[in-house]
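Dropping target_6.tsv in here (TSV, N, CA, C and O atoms and all ligand atoms):
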```tsv
chain	number	residue	atom	x	y	z
A	1	MET	N	0.82	-1.21	0.00
A	1	MET	CA	0.00	0.00	0.00
A	1	MET	C	0.85	1.25	0.00
A	1	MET	O	0.36	2.32	0.29
A	2	ILE	N	2.15	1.14	-0.29
A	2	ILE	CA	3.03	2.30	-0.30
A	2	ILE	C	2.56	3.27	-1.38
A	2	ILE	O	2.37	2.88	-2.53
A	3	GLY	N	2.35	4.52	-1.00
A	3	GLY	CA	1.95	5.52	-1.98
A	3	GLY	C	0.44	5.66	-2.14
A	3	GLY	O	-0.01	6.64	-2.69
A	4	SER	N	-0.31	4.69	-1.67
A	4	SER	CA	-1.76	4.81	-1.83
A	4	SER	C	-2.34	5.51	-0.60
A	4	SER	O	-1.76	5.48	0.48
A	5	LYS	N	-3.46	6.15	-0.81
A	5	LYS	CA	-4.08	6.91	0.26
A	5	LYS	C	-5.39	6.27	0.67
A	5	LYS	O	-6.19	5.88	-0.18
A	6	ILE	N	-5.58	6.22	1.97
A	6	ILE	CA	-6.83	5.70	2.51
A	6	ILE	C	-7.65	6.91	2.94
A	6	ILE	O	-7.12	7.85	3.55
A	7	HIS	N	-8.92	6.91	2.61
A	7	HIS	CA	-9.79	8.00	3.02
A	7	HIS	C	-10.89	7.49	3.95
A	7	HIS	O	-11.37	6.37	3.80
A	8	CYS	N	-11.24	8.34	4.88
A	8	CYS	CA	-12.33	8.04	5.80
A	8	CYS	C	-13.65	8.33	5.07
A	8	CYS	O	-13.66	9.01	4.05
A	9	GLY	N	-14.74	7.86	5.61
A	9	GLY	CA	-16.06	8.12	5.04
A	9	GLY	C	-16.39	9.59	5.02
A	9	GLY	O	-17.20	10.06	4.20
A	10	CYS	N	-15.75	10.39	5.90
A	10	CYS	CA	-16.01	11.83	5.96
A	10	CYS	C	-15.27	12.58	4.86
A	10	CYS	O	-15.46	13.78	4.69
A	11	GLY	N	-14.38	11.89	4.13
A	11	GLY	CA	-13.65	12.52	3.03
A	11	GLY	C	-12.22	12.88	3.38
A	11	GLY	O	-11.41	13.13	2.50
A	12	GLU	N	-11.90	12.92	4.66
A	12	GLU	CA	-10.55	13.26	5.12
A	12	GLU	C	-9.63	12.06	4.92
A	12	GLU	O	-10.09	10.92	4.85
A	13	ARG	N	-8.33	12.33	4.81
A	13	ARG	CA	-7.37	11.23	4.70
A	13	ARG	C	-7.26	10.51	6.04
A	13	ARG	O	-7.46	11.11	7.10
A	14	ALA	N	-6.93	9.24	5.96
A	14	ALA	CA	-6.75	8.46	7.18
A	14	ALA	C	-5.33	7.92	7.20
A	14	ALA	O	-4.70	7.78	6.15
A	15	VAL	N	-4.80	7.66	8.38
A	15	VAL	CA	-3.45	7.09	8.48
A	15	VAL	C	-3.56	5.63	8.91
A	15	VAL	O	-4.44	5.26	9.68
A	16	ILE	N	-2.64	4.83	8.36
A	16	ILE	CA	-2.61	3.41	8.73
A	16	ILE	C	-1.80	3.30	10.01
A	16	ILE	O	-0.61	3.61	10.04
A	17	LYS	N	-2.44	2.88	11.07
A	17	LYS	CA	-1.79	2.77	12.37
A	17	LYS	C	-1.10	1.42	12.55
A	17	LYS	O	-0.09	1.31	13.22
A	18	LYS	N	-1.71	0.41	11.96
A	18	LYS	CA	-1.17	-0.94	12.13
A	18	LYS	C	-1.56	-1.79	10.93
A	18	LYS	O	-2.63	-1.60	10.36
A	19	THR	N	-0.66	-2.66	10.52
A	19	THR	CA	-0.97	-3.60	9.44
A	19	THR	C	-0.89	-5.01	9.99
A	19	THR	O	0.11	-5.41	10.56
A	20	ASN	N	-1.98	-5.72	9.85
A	20	ASN	CA	-2.01	-7.12	10.30
A	20	ASN	C	-1.95	-7.99	9.04
A	20	ASN	O	-2.97	-8.19	8.37
A	21	ARG	N	-0.73	-8.43	8.71
A	21	ARG	CA	-0.55	-9.24	7.49
A	21	ARG	C	-1.02	-10.66	7.74
A	21	ARG	O	-0.49	-11.35	8.60
A	22	LEU	N	-2.02	-11.06	6.99
A	22	LEU	CA	-2.60	-12.39	7.17
A	22	LEU	C	-1.90	-13.42	6.28
A	22	LEU	O	-1.78	-14.58	6.62
A	23	SER	N	-1.42	-12.95	5.11
A	23	SER	CA	-0.64	-13.79	4.21
A	23	SER	C	0.06	-12.83	3.24
A	23	SER	O	-0.08	-11.62	3.37
A	24	ASN	N	0.79	-13.37	2.25
A	24	ASN	CA	1.50	-12.52	1.30
A	24	ASN	C	0.56	-11.64	0.48
A	24	ASN	O	0.95	-10.58	0.00
A	25	ASP	N	-0.67	-12.07	0.30
A	25	ASP	CA	-1.60	-11.31	-0.54
A	25	ASP	C	-2.86	-10.87	0.19
A	25	ASP	O	-3.87	-10.60	-0.43
A	26	CYS	N	-2.78	-10.80	1.50
A	26	CYS	CA	-3.95	-10.40	2.27
A	26	CYS	C	-3.53	-9.72	3.58
A	26	CYS	O	-2.68	-10.25	4.30
A	27	ALA	N	-4.11	-8.55	3.86
A	27	ALA	CA	-3.77	-7.83	5.10
A	27	ALA	C	-4.94	-6.99	5.58
A	27	ALA	O	-5.76	-6.54	4.78
A	28	ASP	N	-5.02	-6.80	6.87
A	28	ASP	CA	-5.99	-5.89	7.46
A	28	ASP	C	-5.23	-4.63	7.85
A	28	ASP	O	-4.20	-4.70	8.53
A	29	LEU	N	-5.72	-3.46	7.39
A	29	LEU	CA	-5.08	-2.19	7.72
A	29	LEU	C	-5.94	-1.46	8.75
A	29	LEU	O	-7.11	-1.18	8.50
A	30	TYR	N	-5.33	-1.17	9.88
A	30	TYR	CA	-6.05	-0.46	10.94
A	30	TYR	C	-5.82	1.03	10.73
A	30	TYR	O	-4.70	1.51	10.82
A	31	CYS	N	-6.87	1.75	10.42
A	31	CYS	CA	-6.77	3.16	10.04
A	31	CYS	C	-7.45	4.09	11.03
A	31	CYS	O	-8.38	3.69	11.75
A	32	GLU	N	-6.97	5.34	11.01
A	32	GLU	CA	-7.54	6.37	11.87
A	32	GLU	C	-7.69	7.64	11.06
A	32	GLU	O	-6.73	8.08	10.41
A	33	CYS	N	-8.84	8.24	11.09
A	33	CYS	CA	-9.11	9.48	10.36
A	33	CYS	C	-8.25	10.61	10.94
A	33	CYS	O	-8.08	10.71	12.16
A	34	LYS	N	-7.71	11.44	10.02
A	34	LYS	CA	-6.86	12.55	10.47
A	34	LYS	C	-7.67	13.75	10.96
A	34	LYS	O	-7.13	14.65	11.60
A	35	ASN	N	-8.95	13.74	10.65
A	35	ASN	CA	-9.82	14.83	11.09
A	35	ASN	C	-10.17	14.63	12.57
A	35	ASN	O	-10.88	13.70	12.93
A	36	LYS	N	-9.62	15.50	13.41
A	36	LYS	CA	-9.81	15.37	14.87
A	36	LYS	C	-11.30	15.39	15.26
A	36	LYS	O	-11.71	14.74	16.22
A	37	GLU	N	-12.10	16.14	14.51
A	37	GLU	CA	-13.52	16.24	14.84
A	37	GLU	C	-14.27	14.96	14.47
A	37	GLU	O	-15.37	14.72	14.94
A	38	CYS	N	-13.65	14.15	13.59
A	38	CYS	CA	-14.28	12.90	13.18
A	38	CYS	C	-13.79	11.76	14.09
A	38	CYS	O	-14.57	11.15	14.80
A	39	GLY	N	-12.50	11.52	14.06
A	39	GLY	CA	-11.92	10.51	14.96
A	39	GLY	C	-12.28	9.06	14.65
A	39	GLY	O	-12.10	8.17	15.48
A	40	HIS	N	-12.81	8.83	13.45
A	40	HIS	CA	-13.21	7.48	13.06
A	40	HIS	C	-11.99	6.55	12.95
A	40	HIS	O	-11.02	6.89	12.30
A	41	SER	N	-12.06	5.40	13.60
A	41	SER	CA	-11.03	4.39	13.41
A	41	SER	C	-11.71	3.18	12.80
A	41	SER	O	-12.83	2.82	13.18
A	42	PHE	N	-11.04	2.59	11.81
A	42	PHE	CA	-11.67	1.50	11.07
A	42	PHE	C	-10.62	0.56	10.47
A	42	PHE	O	-9.43	0.87	10.46
A	43	VAL	N	-11.08	-0.57	9.97
A	43	VAL	CA	-10.19	-1.56	9.37
A	43	VAL	C	-10.51	-1.68	7.88
A	43	VAL	O	-11.67	-1.79	7.50
A	44	VAL	N	-9.47	-1.60	7.05
A	44	VAL	CA	-9.61	-1.79	5.61
A	44	VAL	C	-8.95	-3.11	5.26
A	44	VAL	O	-7.82	-3.37	5.68
A	45	SER	N	-9.64	-3.95	4.53
A	45	SER	CA	-9.06	-5.22	4.11
A	45	SER	C	-8.40	-5.05	2.76
A	45	SER	O	-9.00	-4.52	1.83
A	46	LEU	N	-7.16	-5.50	2.67
A	46	LEU	CA	-6.39	-5.42	1.43
A	46	LEU	C	-6.12	-6.86	0.99
A	46	LEU	O	-5.56	-7.64	1.75
A	47	TYR	N	-6.57	-7.19	-0.20
A	47	TYR	CA	-6.35	-8.55	-0.65
A	47	TYR	C	-6.14	-8.62	-2.15
A	47	TYR	O	-6.60	-7.76	-2.90
A	48	TYR	N	-5.42	-9.64	-2.59
A	48	TYR	CA	-5.16	-9.89	-4.00
A	48	TYR	C	-6.48	-10.18	-4.70
A	48	TYR	O	-7.31	-10.92	-4.19
A	49	SER	N	-6.68	-9.59	-5.86
A	49	SER	CA	-7.92	-9.83	-6.61
A	49	SER	C	-7.67	-10.75	-7.79
A	49	SER	O	-8.08	-11.90	-7.80
A	50	HIS	N	-6.98	-10.25	-8.83
A	50	HIS	CA	-6.70	-11.10	-9.98
A	50	HIS	C	-5.48	-10.61	-10.75
A	50	HIS	O	-5.06	-9.47	-10.59
A	51	THR	N	-4.95	-11.45	-11.59
A	51	THR	CA	-3.74	-11.14	-12.34
A	51	THR	C	-4.06	-10.41	-13.64
A	51	THR	O	-4.98	-10.80	-14.35
A	52	LEU	N	-3.30	-9.35	-13.94
A	52	LEU	CA	-3.44	-8.65	-15.22
A	52	LEU	C	-2.36	-9.13	-16.17
A	52	LEU	O	-2.58	-9.31	-17.36
A	53	SER	N	-1.15	-9.32	-15.63
A	53	SER	CA	-0.02	-9.83	-16.39
A	53	SER	C	0.74	-10.76	-15.46
A	53	SER	O	1.07	-10.36	-14.35
A	54	PRO	N	0.98	-11.99	-15.85
A	54	PRO	CA	1.61	-12.93	-14.93
A	54	PRO	C	3.02	-12.50	-14.52
A	54	PRO	O	3.71	-11.83	-15.28
A	55	SER	N	3.40	-12.90	-13.33
A	55	SER	CA	4.74	-12.62	-12.81
A	55	SER	C	5.78	-13.25	-13.71
A	55	SER	O	5.66	-14.41	-14.10
A	56	ALA	N	6.83	-12.48	-14.03
A	56	ALA	CA	7.91	-13.00	-14.87
A	56	ALA	C	8.57	-14.18	-14.18
A	56	ALA	O	8.99	-15.14	-14.82
A	57	LYS	N	8.63	-14.13	-12.85
A	57	LYS	CA	9.23	-15.21	-12.07
A	57	LYS	C	8.43	-16.49	-12.25
A	57	LYS	O	8.99	-17.57	-12.40
A	58	ALA	N	7.11	-16.37	-12.21
A	58	ALA	CA	6.25	-17.54	-12.34
A	58	ALA	C	6.39	-18.14	-13.73
A	58	ALA	O	6.46	-19.36	-13.90
A	59	THR	N	6.45	-17.28	-14.75
A	59	THR	CA	6.57	-17.74	-16.14
A	59	THR	C	7.91	-18.45	-16.33
A	59	THR	O	7.97	-19.52	-16.95
A	60	GLU	N	8.97	-17.87	-15.76
A	60	GLU	CA	10.31	-18.45	-15.89
A	60	GLU	C	10.34	-19.83	-15.22
A	60	GLU	O	10.85	-20.80	-15.78
A	61	ASN	N	9.76	-19.87	-14.01
A	61	ASN	CA	9.69	-21.11	-13.26
A	61	ASN	C	8.95	-22.19	-14.03
A	61	ASN	O	9.39	-23.34	-14.10
A	62	LEU	N	7.85	-21.79	-14.62
A	62	LEU	CA	7.02	-22.72	-15.39
A	62	LEU	C	7.81	-23.26	-16.59
A	62	LEU	O	7.81	-24.46	-16.85
A	63	ALA	N	8.53	-22.35	-17.27
A	63	ALA	CA	9.32	-22.75	-18.45
A	63	ALA	C	10.40	-23.75	-18.05
A	63	ALA	O	10.61	-24.76	-18.72
A	64	VAL	N	11.08	-23.48	-16.91
A	64	VAL	CA	12.14	-24.37	-16.44
A	64	VAL	C	11.56	-25.76	-16.15
A	64	VAL	O	12.13	-26.78	-16.55
A	65	HIS	N	10.41	-25.79	-15.48
A	65	HIS	CA	9.79	-27.07	-15.16
A	65	HIS	C	9.35	-27.83	-16.41
A	65	HIS	O	9.46	-29.05	-16.48
A	66	LEU	N	8.86	-27.08	-17.38
A	66	LEU	CA	8.41	-27.71	-18.63
A	66	LEU	C	9.60	-28.31	-19.37
A	66	LEU	O	9.53	-29.44	-19.86
A	67	VAL	N	10.72	-27.56	-19.41
A	67	VAL	CA	11.91	-28.04	-20.11
A	67	VAL	C	12.46	-29.29	-19.42
A	67	VAL	O	12.85	-30.26	-20.07
A	68	ARG	N	12.43	-29.26	-18.07
A	68	ARG	CA	12.93	-30.42	-17.30
A	68	ARG	C	12.09	-31.66	-17.59
A	68	ARG	O	12.59	-32.78	-17.52
A	69	ALA	N	10.82	-31.45	-17.85
A	69	ALA	CA	9.92	-32.58	-18.09
A	69	ALA	C	10.10	-33.18	-19.49
A	69	ALA	O	9.60	-34.27	-19.77
A	70	LEU	N	10.82	-32.45	-20.35
A	70	LEU	CA	11.00	-32.92	-21.73
A	70	LEU	C	11.99	-34.10	-21.79
A	70	LEU	O	12.89	-34.20	-20.95
A	71	SER	N	11.84	-34.92	-22.79
A	71	SER	CA	12.79	-36.00	-23.05
A	71	SER	C	14.05	-35.37	-23.63
A	71	SER	O	14.00	-34.24	-24.12
A	72	PRO	N	15.20	-36.08	-23.59
A	72	PRO	CA	16.42	-35.53	-24.20
A	72	PRO	C	16.20	-35.11	-25.65
A	72	PRO	O	16.71	-34.08	-26.09
A	73	GLN	N	15.41	-35.89	-26.38
A	73	GLN	CA	15.11	-35.54	-27.78
A	73	GLN	C	14.30	-34.25	-27.85
A	73	GLN	O	14.55	-33.38	-28.68
A	74	GLY	N	13.33	-34.14	-26.94
A	74	GLY	CA	12.50	-32.94	-26.89
A	74	GLY	C	13.33	-31.71	-26.59
A	74	GLY	O	13.12	-30.65	-27.20
A	75	ARG	N	14.29	-31.86	-25.66
A	75	ARG	CA	15.15	-30.74	-25.30
A	75	ARG	C	16.02	-30.32	-26.49
A	75	ARG	O	16.18	-29.14	-26.75
A	76	ALA	N	16.56	-31.30	-27.18
A	76	ALA	CA	17.41	-31.03	-28.34
A	76	ALA	C	16.61	-30.29	-29.40
A	76	ALA	O	17.08	-29.31	-29.99
A	77	SER	N	15.38	-30.75	-29.61
A	77	SER	CA	14.51	-30.12	-30.60
A	77	SER	C	14.20	-28.67	-30.21
A	77	SER	O	14.22	-27.77	-31.05
A	78	LEU	N	13.93	-28.47	-28.89
A	78	LEU	CA	13.63	-27.12	-28.41
A	78	LEU	C	14.84	-26.20	-28.57
A	78	LEU	O	14.70	-25.07	-29.01
A	79	GLN	N	16.01	-26.76	-28.25
A	79	GLN	CA	17.25	-26.00	-28.37
A	79	GLN	C	17.44	-25.53	-29.82
A	79	GLN	O	17.80	-24.38	-30.08
A	80	GLN	N	17.16	-26.43	-30.74
A	80	GLN	CA	17.30	-26.12	-32.15
A	80	GLN	C	16.31	-25.01	-32.56
A	80	GLN	O	16.68	-24.08	-33.26
A	81	GLN	N	15.08	-25.13	-32.06
A	81	GLN	CA	14.07	-24.11	-32.38
A	81	GLN	C	14.45	-22.75	-31.80
A	81	GLN	O	14.21	-21.72	-32.40
A	82	LEU	N	15.04	-22.77	-30.57
A	82	LEU	CA	15.40	-21.51	-29.92
A	82	LEU	C	16.54	-20.79	-30.64
A	82	LEU	O	16.63	-19.57	-30.58
A	83	THR	N	17.42	-21.55	-31.30
A	83	THR	CA	18.53	-20.92	-32.01
A	83	THR	C	18.02	-20.15	-33.24
A	83	THR	O	18.74	-19.33	-33.80
A	84	LEU	N	16.79	-20.44	-33.63
A	84	LEU	CA	16.20	-19.74	-34.77
A	84	LEU	C	15.83	-18.30	-34.44
A	84	LEU	O	15.65	-17.47	-35.32
A	85	PHE	N	15.69	-18.01	-33.12
A	85	PHE	CA	15.29	-16.64	-32.72
A	85	PHE	C	16.47	-15.68	-32.68
A	85	PHE	O	17.54	-16.03	-32.32
A	101	ZN	ZN	-13.34	10.89	9.22
```
Take the structure in the file and write it out as structure tokens.
Ligand SMILES: [Zn+2]
Amino acid sequence: MIGSKIHCGCGERAVIKKTNRLSNDCADLYCECKNKECGHSFVVSLYYSHTLSPSAKATENLAVHLVRALSPQGRASLQQQLTLF
């Protein structure tokens, strides 16, 4: 959430007082409104929704696993095809 702003229902900005990380892609943010006259404290849930572009790491990992699963002939054939690029 670095750089993103949380707003209270009153329209004022809120500060994140505490982050309770539940997993790598899910966290509860404990927020407090900066408007002293409001004083609202609340929890915002932050969670992973869906992928727009897959992680390069995941794609690389997948490719390595696929190549490992190939037969020696399959690997040789792939190597030959890759030299064409
Ligand atoms: Zn407020």
What are the nearest atom pairs, with distances in Å to one decimal, for all residues of chain A that come at most 8 Å from ligand ZN 101 (chain A), using only N, CA, C and O atoms and all ligand atoms, set out by chain and rising residue number as a tab-separated table?
```
residue	atom	partner	partner_atom	distance
A:His7	C	A:ZN101	ZN	6.7
A:Cys8	CA	A:ZN101	ZN	4.6
A:Gly9	N	A:ZN101	ZN	4.9
A:Cys10	N	A:ZN101	ZN	4.1
A:Gly11	N	A:ZN101	ZN	5.3
A:Glu12	N	A:ZN101	ZN	5.2
A:Arg13	O	A:ZN101	ZN	6.3
A:Ala14	CA	A:ZN101	ZN	7.3
A:Glu32	C	A:ZN101	ZN	6.8
A:Cys33	CA	A:ZN101	ZN	4.6
A:Lys34	N	A:ZN101	ZN	5.7
A:Asn35	O	A:ZN101	ZN	5.3
A:Lys36	N	A:ZN101	ZN	7.3
A:Glu37	C	A:ZN101	ZN	6.7
A:Cys38	CA	A:ZN101	ZN	4.5
A:Gly39	N	A:ZN101	ZN	5.0
A:His40	N	A:ZN101	ZN	4.7
A:Ser41	N	A:ZN101	ZN	7.1
```
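With only C-alpha atoms as the atoms that count, the minimum distance from Ser49 of chain A to the choices A:Ile6, A:Val15, A:Cys26, A:Ala76 is reached by A:Cys26.
The coordinates place atom N of Tyr47 of chain A at 6.0 Å from atom C of Ala27 of chain A.
Among the residues of chain A, backbone DSSP assigns strand (DSSP E) to Ile6, His7, Arg13, Ala14, Val15, Ile16, Lys17, Lys18, Thr19, Asn20, Arg21, Leu22, Ser23, Cys26, Ala27, Asp28, Leu29, Tyr30, Cys31, Glu32, Cys33, Ser41, Phe42, Val43, Val44, Ser45, Leu46 and Tyr47 of chain A.
Pairwise distance (atom CA of Leu84 of chain A, atom CA of Pro72 of chain A) equals 19.0 Å.
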Identify, with DSSP run on backbone atoms, the residues in segment 17-63 of chain A assigned to alpha helix (DSSP H), and express the list as a CSV table (one decimal) with N, CA, C and O atoms, in the coordinates of the input.
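The result, stored in selection23.csv:
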```csv
chain,number,residue,atom,x,y,z
A,56,ALA,N,6.8,-12.5,-14.0
A,56,ALA,CA,7.9,-13.0,-14.9
A,56,ALA,C,8.6,-14.2,-14.2
A,56,ALA,O,9.0,-15.1,-14.8
A,57,LYS,N,8.6,-14.1,-12.8
A,57,LYS,CA,9.2,-15.2,-12.1
A,57,LYS,C,8.4,-16.5,-12.2
A,57,LYS,O,9.0,-17.6,-12.4
A,58,ALA,N,7.1,-16.4,-12.2
A,58,ALA,CA,6.2,-17.5,-12.3
A,58,ALA,C,6.4,-18.1,-13.7
A,58,ALA,O,6.5,-19.4,-13.9
A,59,THR,N,6.4,-17.3,-14.8
A,59,THR,CA,6.6,-17.7,-16.1
A,59,THR,C,7.9,-18.4,-16.3
A,59,THR,O,8.0,-19.5,-17.0
A,60,GLU,N,9.0,-17.9,-15.8
A,60,GLU,CA,10.3,-18.4,-15.9
A,60,GLU,C,10.3,-19.8,-15.2
A,60,GLU,O,10.8,-20.8,-15.8
A,61,ASN,N,9.8,-19.9,-14.0
A,61,ASN,CA,9.7,-21.1,-13.3
A,61,ASN,C,9.0,-22.2,-14.0
A,61,ASN,O,9.4,-23.3,-14.1
A,62,LEU,N,7.8,-21.8,-14.6
A,62,LEU,CA,7.0,-22.7,-15.4
A,62,LEU,C,7.8,-23.3,-16.6
A,62,LEU,O,7.8,-24.5,-16.8
A,63,ALA,N,8.5,-22.4,-17.3
A,63,ALA,CA,9.3,-22.8,-18.4
A,63,ALA,C,10.4,-23.8,-18.0
A,63,ALA,O,10.6,-24.8,-18.7
```
ask   = Do you have the atom O of Lys18 of chain A-atom CA of Cys31 of chain A distance handy?
value = 6.3 Å
request  = Tell me, as a list in words, which residues lie within 6 Å of Tyr30 of chain A, counting only C-alpha atoms; anything in the same chain fewer than 2 positions away does not count.
outcome  = Ile16, Lys17, Lys18, Phe42 and Val43 of chain A
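Using all atoms listed in the file for every distance, the candidate list A:Leu62, A:Gly74, A:Ser53, A:Leu46 yields A:Leu46 as the residue closest to Arg21 of chain A.
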